[in-house]
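Structure data follow from coords-v1.pdb (PDB, C-alpha atoms):
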ATOM      1  CA  ASN A   1     -27.454  26.216  57.200
ATOM      2  CA  ARG A   2     -26.750  24.714  60.608
ATOM      3  CA  VAL A   3     -26.626  26.507  63.951
ATOM      4  CA  VAL A   4     -23.278  26.179  65.701
ATOM      5  CA  ARG A   5     -24.134  26.597  69.352
ATOM      6  CA  THR A   6     -20.674  27.544  70.621
ATOM      7  CA  PRO A   7     -17.552  28.651  68.715
ATOM      8  CA  VAL A   8     -15.440  25.745  69.937
ATOM      9  CA  ALA A   9     -14.588  22.796  67.685
ATOM     10  CA  ILE A  10     -12.922  19.467  68.304
ATOM     11  CA  ALA A  11     -10.124  18.954  65.777
ATOM     12  CA  SER A  12      -9.344  15.604  64.222
ATOM     13  CA  MET A  13      -6.628  13.415  65.735
ATOM     14  CA  ALA A  14      -6.129  10.224  63.750
ATOM     15  CA  GLY A  15      -6.953   7.126  65.733
ATOM     16  CA  TRP A  16      -8.534   9.163  68.539
ATOM     17  CA  VAL A  17     -11.336  11.486  67.463
ATOM     18  CA  ASP A  18     -14.386   9.457  66.462
ATOM     19  CA  ALA A  19     -18.075   9.616  67.376
ATOM     20  CA  ALA A  20     -17.478   8.176  70.850
ATOM     21  CA  TYR A  21     -14.803  10.799  71.555
ATOM     22  CA  VAL A  22     -17.167  13.572  70.475
ATOM     23  CA  MET A  23     -20.193  12.237  72.349
ATOM     24  CA  ALA A  24     -18.233  12.360  75.617
ATOM     25  CA  ARG A  25     -17.666  16.107  75.025
ATOM     26  CA  ARG A  26     -20.809  17.073  73.128
ATOM     27  CA  ASP A  27     -22.144  19.476  75.778
ATOM     28  CA  HIS A  28     -19.119  21.737  75.371
ATOM     29  CA  VAL A  29     -18.545  22.033  71.599
ATOM     30  CA  GLY A  30     -20.352  23.369  68.564
ATOM     31  CA  ALA A  31     -18.597  21.339  65.897
ATOM     32  CA  ALA A  32     -16.332  18.318  65.630
ATOM     33  CA  PHE A  33     -14.065  17.087  62.857
ATOM     34  CA  ILE A  34     -13.684  13.342  63.247
ATOM     35  CA  GLY A  35     -10.869  11.375  61.691
ATOM     36  CA  GLY A  36      -8.695  11.410  59.782
ATOM     37  CA  TYR A  37     -10.346   8.671  57.780
ATOM     38  CA  SER A  38      -8.662   7.127  54.754
ATOM     39  CA  ILE A  39     -11.094   6.691  51.878
ATOM     40  CA  ASP A  40      -9.261   4.830  49.102
ATOM     41  CA  GLU A  41      -6.736   2.042  48.724
ATOM     42  CA  PRO A  42      -3.544   4.171  48.607
ATOM     43  CA  THR A  43      -4.436   6.021  51.806
ATOM     44  CA  LEU A  44      -5.748   2.869  53.523
ATOM     45  CA  LYS A  45      -2.411   1.236  52.731
ATOM     46  CA  ALA A  46      -0.603   4.283  54.151
ATOM     47  CA  ALA A  47      -2.670   4.107  57.351
ATOM     48  CA  ARG A  48      -1.773   0.433  57.786
ATOM     49  CA  GLU A  49       1.894   1.254  57.254
ATOM     50  CA  MET A  50       1.723   4.053  59.827
ATOM     51  CA  THR A  51       0.062   1.694  62.311
ATOM     52  CA  ALA A  52       2.889  -0.792  61.802
ATOM     53  CA  GLN A  53       5.279   2.039  62.665
ATOM     54  CA  GLY A  54       3.511   2.535  65.993
ATOM     55  CA  ARG A  55       1.021   5.309  65.246
ATOM     56  CA  LYS A  56      -2.620   5.070  66.259
ATOM     57  CA  GLU A  57      -4.871   5.125  63.168
ATOM     58  CA  PHE A  58      -8.429   4.208  62.234
ATOM     59  CA  LEU A  59      -8.339   0.918  60.311
ATOM     60  CA  TYR A  60     -11.251  -0.755  58.494
ATOM     61  CA  ASP A  61     -11.994  -2.562  55.258
ATOM     62  CA  ASP A  62     -14.934  -0.466  54.050
ATOM     63  CA  PRO A  63     -14.638   3.340  54.430
ATOM     64  CA  VAL A  64     -18.294   3.956  53.575
ATOM     65  CA  GLU A  65     -19.523   1.495  56.188
ATOM     66  CA  GLU A  66     -17.245   3.009  58.838
ATOM     67  CA  LEU A  67     -18.171   6.608  58.027
ATOM     68  CA  SER A  68     -21.870   5.768  57.932
ATOM     69  CA  ALA A  69     -21.722   4.313  61.448
ATOM     70  CA  GLN A  70     -19.873   7.373  62.755
ATOM     71  CA  VAL A  71     -22.137   9.940  61.083
ATOM     72  CA  THR A  72     -25.317   8.187  62.178
ATOM     73  CA  ARG A  73     -24.193   8.169  65.802
ATOM     74  CA  LEU A  74     -23.491  11.907  65.741
ATOM     75  CA  GLU A  75     -26.670  13.050  64.013
ATOM     76  CA  GLU A  76     -28.606  13.432  67.270
ATOM     77  CA  SER A  77     -25.715  14.978  69.189
ATOM     78  CA  GLY A  78     -26.429  18.636  68.410
ATOM     79  CA  VAL A  79     -22.818  18.940  67.235
ATOM     80  CA  VAL A  80     -22.118  19.959  63.633
ATOM     81  CA  THR A  81     -20.087  17.087  62.176
ATOM     82  CA  GLY A  82     -17.135  17.321  59.843
ATOM     83  CA  LEU A  83     -15.318  14.376  58.280
ATOM     84  CA  ASN A  84     -11.552  14.796  58.020
ATOM     85  CA  LEU A  85     -10.777  12.728  54.941
ATOM     86  CA  ARG A  86      -7.590  11.361  53.418
ATOM     87  CA  GLY A  87      -7.832  10.511  49.749
ATOM     88  CA  SER A  88      -5.381  10.183  46.886
ATOM     89  CA  THR A  89      -7.595  11.546  44.080
ATOM     90  CA  PRO A  90     -10.321  14.197  43.743
ATOM     91  CA  GLU A  91     -12.695  11.430  42.667
ATOM     92  CA  SER A  92     -12.267   9.635  46.010
ATOM     93  CA  TYR A  93     -13.523  12.694  47.894
ATOM     94  CA  GLN A  94     -16.307  13.326  45.419
ATOM     95  CA  ALA A  95     -17.557   9.754  45.781
ATOM     96  CA  ILE A  96     -17.881  10.144  49.565
ATOM     97  CA  ALA A  97     -19.702  13.475  49.195
ATOM     98  CA  GLU A  98     -22.174  11.935  46.786
ATOM     99  CA  ILE A  99     -23.007   9.285  49.393
ATOM    100  CA  PHE A 100     -23.402  11.499  52.475
ATOM    101  CA  GLY A 101     -24.696  14.649  50.803
ATOM    102  CA  LYS A 102     -25.301  17.628  53.053
ATOM    103  CA  ARG A 103     -25.252  15.659  56.308
ATOM    104  CA  VAL A 104     -21.677  16.686  57.099
ATOM    105  CA  ILE A 105     -18.819  19.073  56.326
ATOM    106  CA  TYR A 106     -16.080  17.493  54.206
ATOM    107  CA  GLU A 107     -12.585  18.367  55.400
ATOM    108  CA  ILE A 108      -9.620  17.727  53.138
ATOM    109  CA  ASP A 109      -6.598  16.586  55.136
ATOM    110  CA  ALA A 110      -3.809  18.811  53.822
ATOM    111  CA  HIS A 111      -2.159  18.511  57.203
ATOM    112  CA  CYS A 112      -0.727  15.049  57.892
ATOM    113  CA  ARG A 113       3.085  15.062  57.694
ATOM    114  CA  GLN A 114       3.670  11.317  57.913
ATOM    115  CA  GLU A 115       5.698  10.073  54.940
ATOM    116  CA  PRO A 116       3.419   7.150  53.944
ATOM    117  CA  MET A 117       0.436   9.509  53.641
ATOM    118  CA  ILE A 118       2.451  12.077  51.692
ATOM    119  CA  ARG A 119       3.576   9.335  49.275
ATOM    120  CA  ALA A 120      -0.095   8.423  48.832
ATOM    121  CA  GLY A 121      -0.785  11.976  47.625
ATOM    122  CA  CYS A 122      -2.446  13.328  50.728
ATOM    123  CA  GLY A 123      -1.630  15.447  53.777
ATOM    124  CA  GLU A 124       1.223  17.898  53.278
ATOM    125  CA  PHE A 125       1.532  16.646  49.698
ATOM    126  CA  PHE A 126      -1.326  19.031  48.923
ATOM    127  CA  LEU A 127       0.553  22.026  50.308
ATOM    128  CA  HIS A 128       3.484  21.322  47.992
ATOM    129  CA  HIS A 129       1.138  20.608  45.050
ATOM    130  CA  PRO A 130      -1.624  23.219  45.460
ATOM    131  CA  ASP A 131      -3.094  22.528  42.009
ATOM    132  CA  ARG A 132      -4.043  19.050  43.231
ATOM    133  CA  LEU A 133      -5.580  20.573  46.342
ATOM    134  CA  MET A 134      -7.668  23.020  44.328
ATOM    135  CA  ASP A 135      -8.819  20.192  42.040
ATOM    136  CA  THR A 136      -9.987  18.307  45.135
ATOM    137  CA  VAL A 137     -11.836  21.333  46.506
ATOM    138  CA  MET A 138     -13.608  21.803  43.170
ATOM    139  CA  ALA A 139     -14.496  18.112  42.970
ATOM    140  CA  LEU A 140     -16.206  18.310  46.357
ATOM    141  CA  LYS A 141     -17.983  21.535  45.446
ATOM    142  CA  SER A 142     -19.287  19.904  42.260
ATOM    143  CA  ALA A 143     -21.041  17.424  44.550
ATOM    144  CA  GLY A 144     -22.687  20.283  46.459
ATOM    145  CA  ALA A 145     -20.496  19.861  49.538
ATOM    146  CA  THR A 146     -19.477  22.274  52.269
ATOM    147  CA  VAL A 147     -15.675  22.103  52.169
ATOM    148  CA  SER A 148     -13.123  22.652  54.906
ATOM    149  CA  VAL A 149      -9.384  22.409  54.281
ATOM    150  CA  LYS A 150      -7.137  21.613  57.214
ATOM    151  CA  ILE A 151      -3.679  23.059  56.597
ATOM    152  CA  ARG A 152      -0.431  23.153  58.515
ATOM    153  CA  ALA A 153       0.755  26.761  58.573
ATOM    154  CA  GLY A 154       4.217  27.489  57.219
ATOM    155  CA  VAL A 155       4.458  24.510  54.832
ATOM    156  CA  HIS A 156       3.145  26.194  51.663
ATOM    157  CA  HIS A 157       5.585  28.871  50.504
ATOM    158  CA  ASP A 158       3.032  31.601  51.283
ATOM    159  CA  ASP A 159      -0.104  30.931  53.326
ATOM    160  CA  ARG A 160      -1.619  34.205  52.105
ATOM    161  CA  ILE A 161      -1.513  32.976  48.516
ATOM    162  CA  LEU A 162      -2.867  29.601  49.592
ATOM    163  CA  ALA A 163      -5.822  31.220  51.386
ATOM    164  CA  LYS A 164      -6.682  33.250  48.282
ATOM    165  CA  GLU A 165      -6.481  30.187  46.045
ATOM    166  CA  LEU A 166      -8.725  28.197  48.373
ATOM    167  CA  TRP A 167     -11.252  31.028  48.342
ATOM    168  CA  ARG A 168     -11.246  31.218  44.551
ATOM    169  CA  SER A 169     -11.586  27.439  44.259
ATOM    170  CA  GLY A 170     -14.753  27.437  46.344
ATOM    171  CA  ALA A 171     -13.627  26.262  49.790
ATOM    172  CA  ASP A 172     -15.840  27.339  52.685
ATOM    173  CA  ILE A 173     -13.575  26.868  55.702
ATOM    174  CA  ILE A 174      -9.854  27.063  56.435
ATOM    175  CA  HIS A 175      -8.871  25.033  59.482
ATOM    176  CA  ALA A 176      -5.357  26.269  60.284
ATOM    177  CA  ASP A 177      -2.928  24.375  62.481
ATOM    178  CA  LEU A 178      -0.792  27.283  63.627
ATOM    179  CA  MET A 179       2.000  25.034  64.956
ATOM    180  CA  ASP A 180       4.622  27.319  66.512
ATOM    181  CA  PHE A 181       3.156  30.438  64.922
ATOM    182  CA  GLY A 182       1.294  33.065  66.886
ATOM    183  CA  TYR A 183      -1.595  35.282  65.980
ATOM    184  CA  GLN A 184       0.430  36.987  63.232
ATOM    185  CA  LYS A 185       0.025  33.950  60.968
ATOM    186  CA  LEU A 186      -3.681  33.793  61.761
ATOM    187  CA  ARG A 187      -4.018  37.475  60.880
ATOM    188  CA  GLN A 188      -2.234  36.916  57.557
ATOM    189  CA  ILE A 189      -4.727  34.222  56.600
ATOM    190  CA  ARG A 190      -7.704  36.293  57.788
ATOM    191  CA  ASN A 191      -6.588  39.308  55.750
ATOM    192  CA  SER A 192      -6.200  37.169  52.620
ATOM    193  CA  SER A 193      -9.664  35.672  52.356
ATOM    194  CA  PRO A 194     -13.181  35.959  53.818
ATOM    195  CA  LEU A 195     -13.485  32.213  54.460
ATOM    196  CA  PHE A 196     -14.691  30.871  57.801
ATOM    197  CA  LEU A 197     -11.510  30.414  59.841
ATOM    198  CA  ILE A 198     -10.788  27.874  62.575
ATOM    199  CA  ALA A 199      -7.637  28.375  64.668
ATOM    200  CA  ASN A 200      -6.099  25.077  65.751
ATOM    201  CA  ASN A 201      -3.268  23.723  67.901
ATOM    202  CA  SER A 202      -2.616  24.403  71.585
ATOM    203  CA  ILE A 203      -5.716  26.538  72.128
ATOM    204  CA  THR A 204      -5.815  25.287  75.704
ATOM    205  CA  SER A 205      -6.877  28.303  77.759
ATOM    206  CA  PHE A 206      -9.565  30.964  77.730
ATOM    207  CA  GLU A 207      -6.925  33.675  77.278
ATOM    208  CA  ARG A 208      -5.424  31.876  74.280
ATOM    209  CA  MET A 209      -8.884  31.470  72.776
ATOM    210  CA  LYS A 210      -9.659  35.176  73.210
ATOM    211  CA  GLU A 211      -6.388  36.027  71.479
ATOM    212  CA  MET A 212      -7.357  33.891  68.483
ATOM    213  CA  PHE A 213     -10.814  35.477  68.273
ATOM    214  CA  SER A 214      -9.392  38.987  68.512
ATOM    215  CA  HIS A 215      -7.139  38.336  65.525
ATOM    216  CA  GLY A 216      -9.712  36.872  63.180
ATOM    217  CA  ALA A 217     -10.693  33.311  64.133
ATOM    218  CA  ASP A 218     -14.367  32.366  63.828
ATOM    219  CA  MET A 219     -13.951  29.221  65.934
TER     220      MET A 219
END
Could you render the structure from this file as structure tokens?
Amino acid sequence: NRVVRTPVAIASMAGWVDAAYVMARRDHVGAAFIGGYSIDEPTLKAAREMTAQGRKEFLYDDPVEELSAQVTRLEESGVVTGLNLRGSTPESYQAIAEIFGKRVIYEIDAHCRQEPMIRAGCGEFFLHHPDRLMDTVMALKSAGATVSVKIRAGVHHDDRILAKELWRSGADIIHADLMDFGYQKLRQIRNSSPLFLIANNSITSFERMKEMFSHGADM
């Protein structure tokens, strides 16, 4: 029940996209997915391991304190805020949703391909274990949340089946990283479910954006 003022969203980039990043671009976007933010000990440990390997990550001791500061800063921005979250259990996501309620969109990170995060039961782990992903979607929905799922296209054995399962499980948004795929993959997902669809990755020109819209993207 929020107005999205322009169909352009900022996608999460771990260690980069936070409230400050969004505020610098707030006049040009309708929504922003900040993060990814680790929300339990296994994923916090994975983030620290990834940082030690040279990746830029968001590190903190208290996820709730960190998320609260970020959400509060964005509430007057006019940008619809989504939290890209990395958790190892459905209960971890549900706990965050029970704290922040309807203030934000909750985005499940089924996208990260870094091995420490996969071992923690997050990121692409979900695409190889879709039952766990659907359990997580349903846990968030039980808390009354609006749920986005960020996927990496081509990892699940059939993205059309995945889109249908997400729809049936109660997800609201599919945020699809199209990687090296063109509009054909986007069209497959669009034809498989009525969910709100965000096309992601290398949408860097007006012509590319128009192509995504013409083949089914909502943002």
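The list of residues with at least one atom within 8 Å of A:Met50, based on only C-alpha atoms and without residues fewer than 6 positions apart in the same chain, reads Lys56, Glu57, Gln114 and Pro116 of chain A.
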Written file, previous selection with C-alpha atoms, as an mmCIF file, in the frame of the given file:
data_model
loop_
_atom_site.group_PDB
_atom_site.id
_atom_site.type_symbol
_atom_site.label_atom_id
_atom_site.label_comp_id
_atom_site.auth_asym_id
_atom_site.auth_seq_id
_atom_site.Cartn_x
_atom_site.Cartn_y
_atom_site.Cartn_z
ATOM 1 C CA LYS A 56 -2.620 5.070 66.259
ATOM 2 C CA GLU A 57 -4.871 5.125 63.168
ATOM 3 C CA GLN A 114 3.670 11.317 57.913
ATOM 4 C CA PRO A 116 3.419 7.150 53.944
#
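Running the PyMOL selection byres ((chain A and resi 177-179) around 10) on this file leaves Ala11, His111, Lys150, Ile151, Arg152, Ala153, Gly154, Ile174, His175, Ala176, Asp180, Phe181, Gly182, Tyr183, Gln184, Lys185, Leu186, Ile198, Ala199, Asn200, Asn201, Ser202 and Ile203 of chain A selected.
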Between atom CA of A:Leu67 and atom CA of A:Leu85, distance in Å (one decimal):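 Taking atom CA of A:Leu67 and atom CA of A:Leu85, their separation equals 10.1 Å.
Separating atom CA of A:Asp62 from atom CA of A:Leu127 is a distance of 27.6 Å.
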Pick from A:Leu195, A:Cys112, A:Ala120, A:Ile39 nearest to A:Ser12, counting all atoms listed in the file: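 Of the candidates, the smallest distance to A:Ser12 is held by A:Cys112.
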Counting only C-alpha atoms, the option among A:Cys122, A:Met209, A:Ala145, A:Leu162 closest to A:Ala46: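 Among the listed residues, the smallest separation from A:Ala46 belongs to A:Cys122.
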Point-to-point distance in Å for atom CA of A:Glu115 and atom CA of A:Met138: 25.5 Å
What do you get, as an mmCIF file with C-alpha atoms, in the frame of the given file, if you spell out every residue that the PyMOL selection byres ((chain A and resi 135) around 12) selects here?
data_model
loop_
_atom_site.group_PDB
_atom_site.id
_atom_site.type_symbol
_atom_site.label_atom_id
_atom_site.label_comp_id
_atom_site.auth_asym_id
_atom_site.auth_seq_id
_atom_site.Cartn_x
_atom_site.Cartn_y
_atom_site.Cartn_z
ATOM 1 C CA SER A 88 -5.381 10.183 46.886
ATOM 2 C CA THR A 89 -7.595 11.546 44.080
ATOM 3 C CA PRO A 90 -10.321 14.197 43.743
ATOM 4 C CA GLU A 91 -12.695 11.430 42.667
ATOM 5 C CA SER A 92 -12.267 9.635 46.010
ATOM 6 C CA TYR A 93 -13.523 12.694 47.894
ATOM 7 C CA GLN A 94 -16.307 13.326 45.419
ATOM 8 C CA ILE A 108 -9.620 17.727 53.138
ATOM 9 C CA PHE A 126 -1.326 19.031 48.923
ATOM 10 C CA HIS A 129 1.138 20.608 45.050
ATOM 11 C CA PRO A 130 -1.624 23.219 45.460
ATOM 12 C CA ASP A 131 -3.094 22.528 42.009
ATOM 13 C CA ARG A 132 -4.043 19.050 43.231
ATOM 14 C CA LEU A 133 -5.580 20.573 46.342
ATOM 15 C CA MET A 134 -7.668 23.020 44.328
ATOM 16 C CA THR A 136 -9.987 18.307 45.135
ATOM 17 C CA VAL A 137 -11.836 21.333 46.506
ATOM 18 C CA MET A 138 -13.608 21.803 43.170
ATOM 19 C CA ALA A 139 -14.496 18.112 42.970
ATOM 20 C CA LEU A 140 -16.206 18.310 46.357
ATOM 21 C CA LYS A 141 -17.983 21.535 45.446
ATOM 22 C CA SER A 142 -19.287 19.904 42.260
ATOM 23 C CA GLU A 165 -6.481 30.187 46.045
ATOM 24 C CA LEU A 166 -8.725 28.197 48.373
ATOM 25 C CA ARG A 168 -11.246 31.218 44.551
ATOM 26 C CA SER A 169 -11.586 27.439 44.259
ATOM 27 C CA GLY A 170 -14.753 27.437 46.344
ATOM 28 C CA ALA A 171 -13.627 26.262 49.790
#
The PyMOL selection byres ((chain A and resi 33) around 8) resolved against shown file, as a ChimeraX atom specification: /A:9-12,17,31-32,34-35,81-84,107
Report as a PDB file with C-alpha atoms, in the coordinates of the input all protein, DNA and RNA residues lying within 7 Å of A:Phe58, evaluated on all atoms listed in the file, omitting residues in the same chain fewer than 3 positions from it.
ATOM      1  CA  ALA A  14      -6.129  10.224  63.750  1.00  0.00           C
ATOM      2  CA  GLY A  15      -6.953   7.126  65.733  1.00  0.00           C
ATOM      3  CA  TYR A  37     -10.346   8.671  57.780  1.00  0.00           C
TER       4      TYR A  37
END
Nearby residues (all atoms listed in the file) at most 8 Å from A:Ile189, same-chain spacing under 6 positions excluded, as a list in words: Asp159, Arg160 and Ala163 of chain A
Dump C-alpha atoms for the selected residues as a compact mmCIF listing (two decimals), in the coordinates of the input?
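As written to disk, result04.txt reads:
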# COMPACT_ATOMS: atom_id res chain seq x y z
CA ASP A 159 -0.10 30.93 53.33
CA ARG A 160 -1.62 34.20 52.10
CA ALA A 163 -5.82 31.22 51.39
Cut-off 12 Å around (-24.9, 12.6, 50.0) with all atoms listed in the file: residues as a list in words: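 Collected hits near the coordinates: Val64, Ser68, Val71, Tyr93, Gln94, Ala95, Ile96, Ala97, Glu98, Ile99, Phe100, Gly101, Lys102, Arg103, Val104, Ile105, Tyr106, Leu140, Ala143, Gly144, Ala145 and Thr146 of chain A.
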A:Arg25 surroundings by all atoms listed in the file, 12 Å radius, close-in-sequence under 2 positions cut, as an MDAnalysis selection string: chainID A and resid 8:10 17:23 27:32 74 77:79
Nearest to A:Arg26 by atom-to-atom distance, counting all atoms listed in the file, from A:Ile173, A:Val155, A:Val80, A:Met13: A:Val80
